[in-house]
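First up is the structure itself, then whatever we jot down about it.
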2 protein chains.
Amino acid sequence: MKDDRKKDAQFQLSRRGLLLGAAAGTVGAAVPGMPAQAATADPEDVIDLTGEYPFYGKAEQAGIRTPPQRYTFYMTFDLTTQSRMDLQVLLARWSAAISQLMKGKPVGQIEPARPDAIGFDTGEALNLSPACLTVTVGLGPNVFSDTYGLAGSKPPLLRELKQLPSDAFKPELTGGDLSLQACADDPQVAYHAVRDLARVAKSTGAAATRWTVMGFGRASAGKGQSTPRNLLGFKDGTRNIREDADFDRSVWVKDGPSWQDHGTYQVVRKIQMHIEAWDTDRISDQNAVFGRHKLSGAPLTGTHEFDTPDFHKKDAGGDLVIPATAHIRLAAFENNEGLRILRRSYNYTDGINQYGALDAGLLFISYQSDPAHFERLQTKLGAADRLNEYITHIGSAIFFVPPAPQEGSYIAAQMFADG
Amino acid sequence: MKDDRKKDAQFQLSRRGLLLGAAAGTVGAAVPGMPAQAATADPEDVIDLTGEYPFYGKAEQAGIRTPPQRYTFYMTFDLTTQSRMDLQVLLARWSAAISQLMKGKPVGQIEPARPDAIGFDTGEALNLSPACLTVTVGLGPNVFSDTYGLAGSKPPLLRELKQLPSDAFKPELTGGDLSLQACADDPQVAYHAVRDLARVAKSTGAAATRWTVMGFGRASAGKGQSTPRNLLGFKDGTRNIREDADFDRSVWVKDGPSWQDHGTYQVVRKIQMHIEAWDTDRISDQNAVFGRHKLSGAPLTGTHEFDTPDFHKKDAGGDLVIPATAHIRLAAFENNEGLRILRRSYNYTDGINQYGALDAGLLFISYQSDPAHFERLQTKLGAADRLNEYITHIGSAIFFVPPAPQEGSYIAAQMFADG
């Protein structure tokens with residue numbers, strides 16, 4: 001597939017020198033027209049697009065525990081059919097397509113044998129590597145209804161979220177009966193996946209697009225990843241879930257039928273950040289809002305990012321060093337009976353708003369064993385968090401994310417047998 | 001700056017193995033939790049974020065001849081001052097800030113010495129490498145007016161574009177007195193640059209944001225780069241300008257005062273692509289619209305991407321193999337008296353429109369020695385190109401891009417001496 005690359009010996013050599021230089025920690029040779037290279041070797045300074053994850057045969061779907069890739073396209077869909085069979089066909093066709101996409105392959109032929117046929121794949125990811133693509137499928141509350149004969153298969157804790165103090169939703173950014181979270185280290189690969197899966201949905205007549213967000217610059221860390229920054233300039237995800245035992249305790253569902261094992265509940269919020277207002281705030285105040293130092297990411301009671309916050313420590317004047325209204329105090333598991341949720345968020349921008357201000361924020365995605373966990377944390381944050389002055393929750397949805405299918409089967413196939 | 005990275009020996013080792021594997025063309029070792037690696041080594045499968053370009057001391061600004069990076073944030077601004085001095089201060093402050101940003105540095109201290117001060121930099125690109133960032137500054141027609149005493153410095157060919165057959169502009173996506181084209185291999189780096197430069201503009205009171213587009217998955221190739229695909233699934237930029245002689249002939253301005261040498265005219269168009277309609281078109285027809293094979297990128301008269309199109313060749317029935325209305329025929333320099341423009345375009349998406357359809361397209365950016373060259377090509381394309389059925393030009397602007405400043409000076413400083 002790469003035979004059509006333009007040959008340019010100087011370029012290829014210099015790129016190779018550059019790569020080996022970066023990997024070995026040496027300074028790349030200066031080549032005219034090529035950028036200068038830094039001497040430091042940081043694994044996160046090199047993105048390898050050949051990485052590939054399997055779709056079939058794992059316990060849980062990829063895209064949850066997977067170290068967050070750099071980009072996401074997240075999209076929700078409305079079911080446009082009353083037919084159980086249509087839903088079944090859609091999930092089966094989506095599964096077959098996703099398994100191809102995650103290998104870096106098109107969903108079908110670009111140029112079918114019949115020259116007057118329509119291509120099965122839209123083609124913009126042709127010749128691109130898999131780029132660690134994962135596509136994670138979610139099922140909204142309406143899926144588990146009498147309409148589809150699936151009321152009996154409902155995951156025990158799935159329901160619409162309660163109204164929370166932070167809610168200021170735009171109706172066009174809420175809900176959905178199905179969700180796709182496509183993440184990859186190349187946004188063109190992620191966009192292509194969602195586009196072609198939306199096309200499959202349309203062609204079956206079973207579902208139509210509802211709302212979408214493109215996320216860039218992952219804003220949550222997974223295991224082995226450095227902590228990225230959100231658009232408020234602070235590190236996000238320092239205390240995220242990373243260990244298997246914590247996934248078992250806090251992420252995977254319990255008490256469901258066995259086909260739901262390694263399923264989880266996905267909560268997504270589009271959180272607008274008033275970044276221009278934030279940018280006029282003093283650094284000392286920004287630090288107090290988060291309870292961390294902006295520069296180092298250390299808690300206000302520590303000196304390094306991963307120092308454990310001391311929520312009891314007081315300053316000479318008797319005031320708490322990490323203020324009572326600080327974000328990390330309110331969200332900390334120590335202050336919430338051990339309650340933790342997995343965050344897998346991305347930054348987004350919608351450009352410039354009608355008033356000429358930069359319109360940007362956070363596509364917050366969390367995974368938890370019970371939607372009530374998110375609600376409890378967000379109730380507390382929505383009531384007391386000083387960050388509220390700078391953020392607005394404008395979009396929201398909830399889904400059950402079933403486990404991964406086995407090869408030869410498809411997402412949530414068992415519920416049609418059970419239901 | 002990297003001392004705060006979480007240590008994880010297995011991850012670091014596996015990433016390094018992976019990088020060396022990719023660079024040396026070997027298969028990466030299978031490590032639990034890490035993605036599988038492909039056996040092929042393709043230079044464009046590895047993105048090195050340490051690359052850095054200089055801002056000062058070159059003939060032309062970076063971001064024109066520079067091999068296109070993977071992402072752009074493009075933004076235009078309105079001047080909000082009548083003061084020549086304000087404009088001068090803004091261009092000087094932008095230049096100083098850009099020179100820092102292109103080195104991967106913040107525009108100023110994050111945590112100033114005085115703890116109750118406001119940070120000079122918004123912080124979200126802290127710890128990130130330069131990622132080949134370039135920021136290219138453009139000056140719109142209104143800059144060269146009596147208001148600023150600059151009418152005498154006007155680049156000879158700078159003017160508003162004529163109305164063209166393809167125009168269907170949204171007023172909020174047109175014009176601007178200044179432009180910033182920030183390109184990088186990390187979108188968070190590009191976004192941070194534009195955000196902090198917009199903040200500088202606001203703080204001087206000299207300029208306010210006008211319109212912006214975030215582009216991903218570069219859709220034009222530069223020298224030594226493989227040809228990427230636009231969102232119609234076709235390779236874009238196969239016949240782009242690559243050689244120095246062609247830059248001299250077609251990109252850099254002529255006949256201006258010496259301070260404008262290695263300046264150029266930038267035309268930007270936001271081109272909506274009706275991708276869902278396109279996706280229902282037969283492949284044979286799509287190929288005829290472009291005059292190329294979708295899969296290989298070869299002209300319909302050839303078998304490889306870089307085969308020279310034969311615009312005279314006819315099939316057995318006497319019809320032109322590359323149709324009279326094919327995009328490559330209408331745009332080819334052979335059919336336009338040798339006229340060529342440098343294209344430096346990016347794909348974009350605006351999510352889902354009000355009718356539930358995918359809203360996406362091309363941020364078309366071209367550089368040429370004369371805006372009339374763009375007009376001549378676009379007049380021809382707008383009148384006859386079969387692609388028109390699937391695209392709409394919804395945004396437009398034009399700028400003069402002055403040459404790069406010398407160290408110690410700033411963008412377009414000489415026009416204030418001349419004017």
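Chain identifiers are assigned as A, B, and so on, following the order in which chains appear in the structure tokens; residues are numbered from 1 within each chain, and ligands are numbered from 1 in order of appearance.
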Subject >> Long-range neighbours of A:Leu197 as number ranges by chain, 9 Å cut-off, only C-alpha atoms, 6 positions minimum in chain >> reply: A: 93-94, 97-98, 107, 180
Original post:
Can you list, as a PyMOL selection string, every protein, DNA or RNA residue that comes within 8 Å of A:Pro402 when you count only C-alpha atoms, leaving out same-chain residues fewer than 6 positions away?
Top reply: chain A and resi 60-61+137-139+260-264+411-412
**OP:** Compile the contact shell of A:Phe374 as number ranges by chain: residues with an atom at most 12 Å away, counting only C-alpha atoms, same-chain residues fewer than 2 positions apart removed.
**Re:** A: 161-164, 250-251, 265-269, 331, 336, 339-343, 364-372, 376-382, 398
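Ranking A:Arg195, A:Arg282, A:Lys202, A:Arg218 by their shortest atom-to-atom distance to chain B, with only C-alpha atoms included, puts A:Arg282 first.
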**OP:** Name the residues of stretch 99-227 of chain B that fall into alpha helix (DSSP H) according to DSSP on the backbone, using the chain letters and numbers of this document, as a PyMOL selection string.
**Re:** chain B and resi 99-101+187-204
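Straight-line separation from atom CA of B:Asp196 to atom CA of B:Gln100: 11.5 Å.
Candidate residues A:Arg292, A:Lys154, A:His327, A:Lys235 were compared for distance to chain B, and the nearest is A:Lys235, using only C-alpha atoms.
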Original post:
Hey, what's within 10 Å of B:Arg199 if we count only C-alpha atoms and toss same-chain stuff fewer than 6 positions away? As a ChimeraX atom specification, please?
Top reply: /A:276,279-280,358 /B:120-122,193,205,207-209
Original post:
Tell me, which residues of stretch 95-307 of chain A carry DSSP strand (DSSP E or B), written as a ChimeraX atom specification?
Top reply: /A:118,134-139,167,174,178-184,207-218,229,235,264-273,282,292,299
Atoms kept (C-alpha atoms) for selection, written as a PDB file, in the first residue's frame:
```pdb
ATOM      1  CA  ILE A 118     -20.486   2.596  -4.779  1.00  0.00           C
ATOM      2  CA  THR A 134      -9.959   1.695  19.382  1.00  0.00           C
ATOM      3  CA  VAL A 135     -13.713   2.001  18.850  1.00  0.00           C
ATOM      4  CA  THR A 136     -15.785   1.522  21.986  1.00  0.00           C
ATOM      5  CA  VAL A 137     -19.527   0.901  21.590  1.00  0.00           C
ATOM      6  CA  GLY A 138     -22.063   2.020  24.206  1.00  0.00           C
ATOM      7  CA  LEU A 139     -25.760   1.154  24.621  1.00  0.00           C
ATOM      8  CA  ASP A 167     -26.204  21.054  34.583  1.00  0.00           C
ATOM      9  CA  THR A 174     -27.535  15.446  25.241  1.00  0.00           C
ATOM     10  CA  LEU A 178     -25.864   4.322  21.028  1.00  0.00           C
ATOM     11  CA  SER A 179     -22.383   5.786  21.385  1.00  0.00           C
ATOM     12  CA  LEU A 180     -19.086   5.372  19.565  1.00  0.00           C
ATOM     13  CA  GLN A 181     -15.853   6.501  21.192  1.00  0.00           C
ATOM     14  CA  ALA A 182     -13.159   6.266  18.503  1.00  0.00           C
ATOM     15  CA  CYS A 183      -9.668   7.046  19.827  1.00  0.00           C
ATOM     16  CA  ALA A 184      -6.429   6.992  17.831  1.00  0.00           C
ATOM     17  CA  ALA A 207     -29.759   4.743  13.652  1.00  0.00           C
ATOM     18  CA  ALA A 208     -29.027   8.398  12.873  1.00  0.00           C
ATOM     19  CA  THR A 209     -26.316  10.729  14.163  1.00  0.00           C
ATOM     20  CA  ARG A 210     -27.189  12.786  17.254  1.00  0.00           C
ATOM     21  CA  TRP A 211     -24.192  14.762  18.588  1.00  0.00           C
ATOM     22  CA  THR A 212     -20.435  14.609  18.351  1.00  0.00           C
ATOM     23  CA  VAL A 213     -17.245  16.089  19.777  1.00  0.00           C
ATOM     24  CA  MET A 214     -13.723  15.938  18.360  1.00  0.00           C
ATOM     25  CA  GLY A 215     -11.150  15.782  21.153  1.00  0.00           C
ATOM     26  CA  PHE A 216      -7.446  16.480  20.886  1.00  0.00           C
ATOM     27  CA  GLY A 217      -4.487  16.535  23.264  1.00  0.00           C
ATOM     28  CA  ARG A 218      -5.699  13.853  25.631  1.00  0.00           C
ATOM     29  CA  ARG A 229      -2.695  19.298  30.651  1.00  0.00           C
ATOM     30  CA  LYS A 235      -2.258  18.607  34.725  1.00  0.00           C
ATOM     31  CA  THR A 264     -18.971  -0.664  32.565  1.00  0.00           C
ATOM     32  CA  TYR A 265     -21.032   2.512  32.632  1.00  0.00           C
ATOM     33  CA  GLN A 266     -19.810   5.382  30.458  1.00  0.00           C
ATOM     34  CA  VAL A 267     -20.675   8.956  31.424  1.00  0.00           C
ATOM     35  CA  VAL A 268     -19.819  11.699  28.953  1.00  0.00           C
ATOM     36  CA  ARG A 269     -20.051  15.439  29.584  1.00  0.00           C
ATOM     37  CA  LYS A 270     -19.171  18.278  27.270  1.00  0.00           C
ATOM     38  CA  ILE A 271     -17.725  20.818  29.701  1.00  0.00           C
ATOM     39  CA  GLN A 272     -17.261  24.327  28.358  1.00  0.00           C
ATOM     40  CA  MET A 273     -14.325  26.144  29.964  1.00  0.00           C
ATOM     41  CA  ARG A 282      -4.023  35.298  39.323  1.00  0.00           C
ATOM     42  CA  ARG A 292      -2.194  22.087  42.980  1.00  0.00           C
ATOM     43  CA  PRO A 299      -0.402  19.344  45.509  1.00  0.00           C
TER      44      PRO A 299
END
```
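Taking atom CA of A:Ser396 as the reference point, atom CA of A:Gly175 is found at 6.3 Å.
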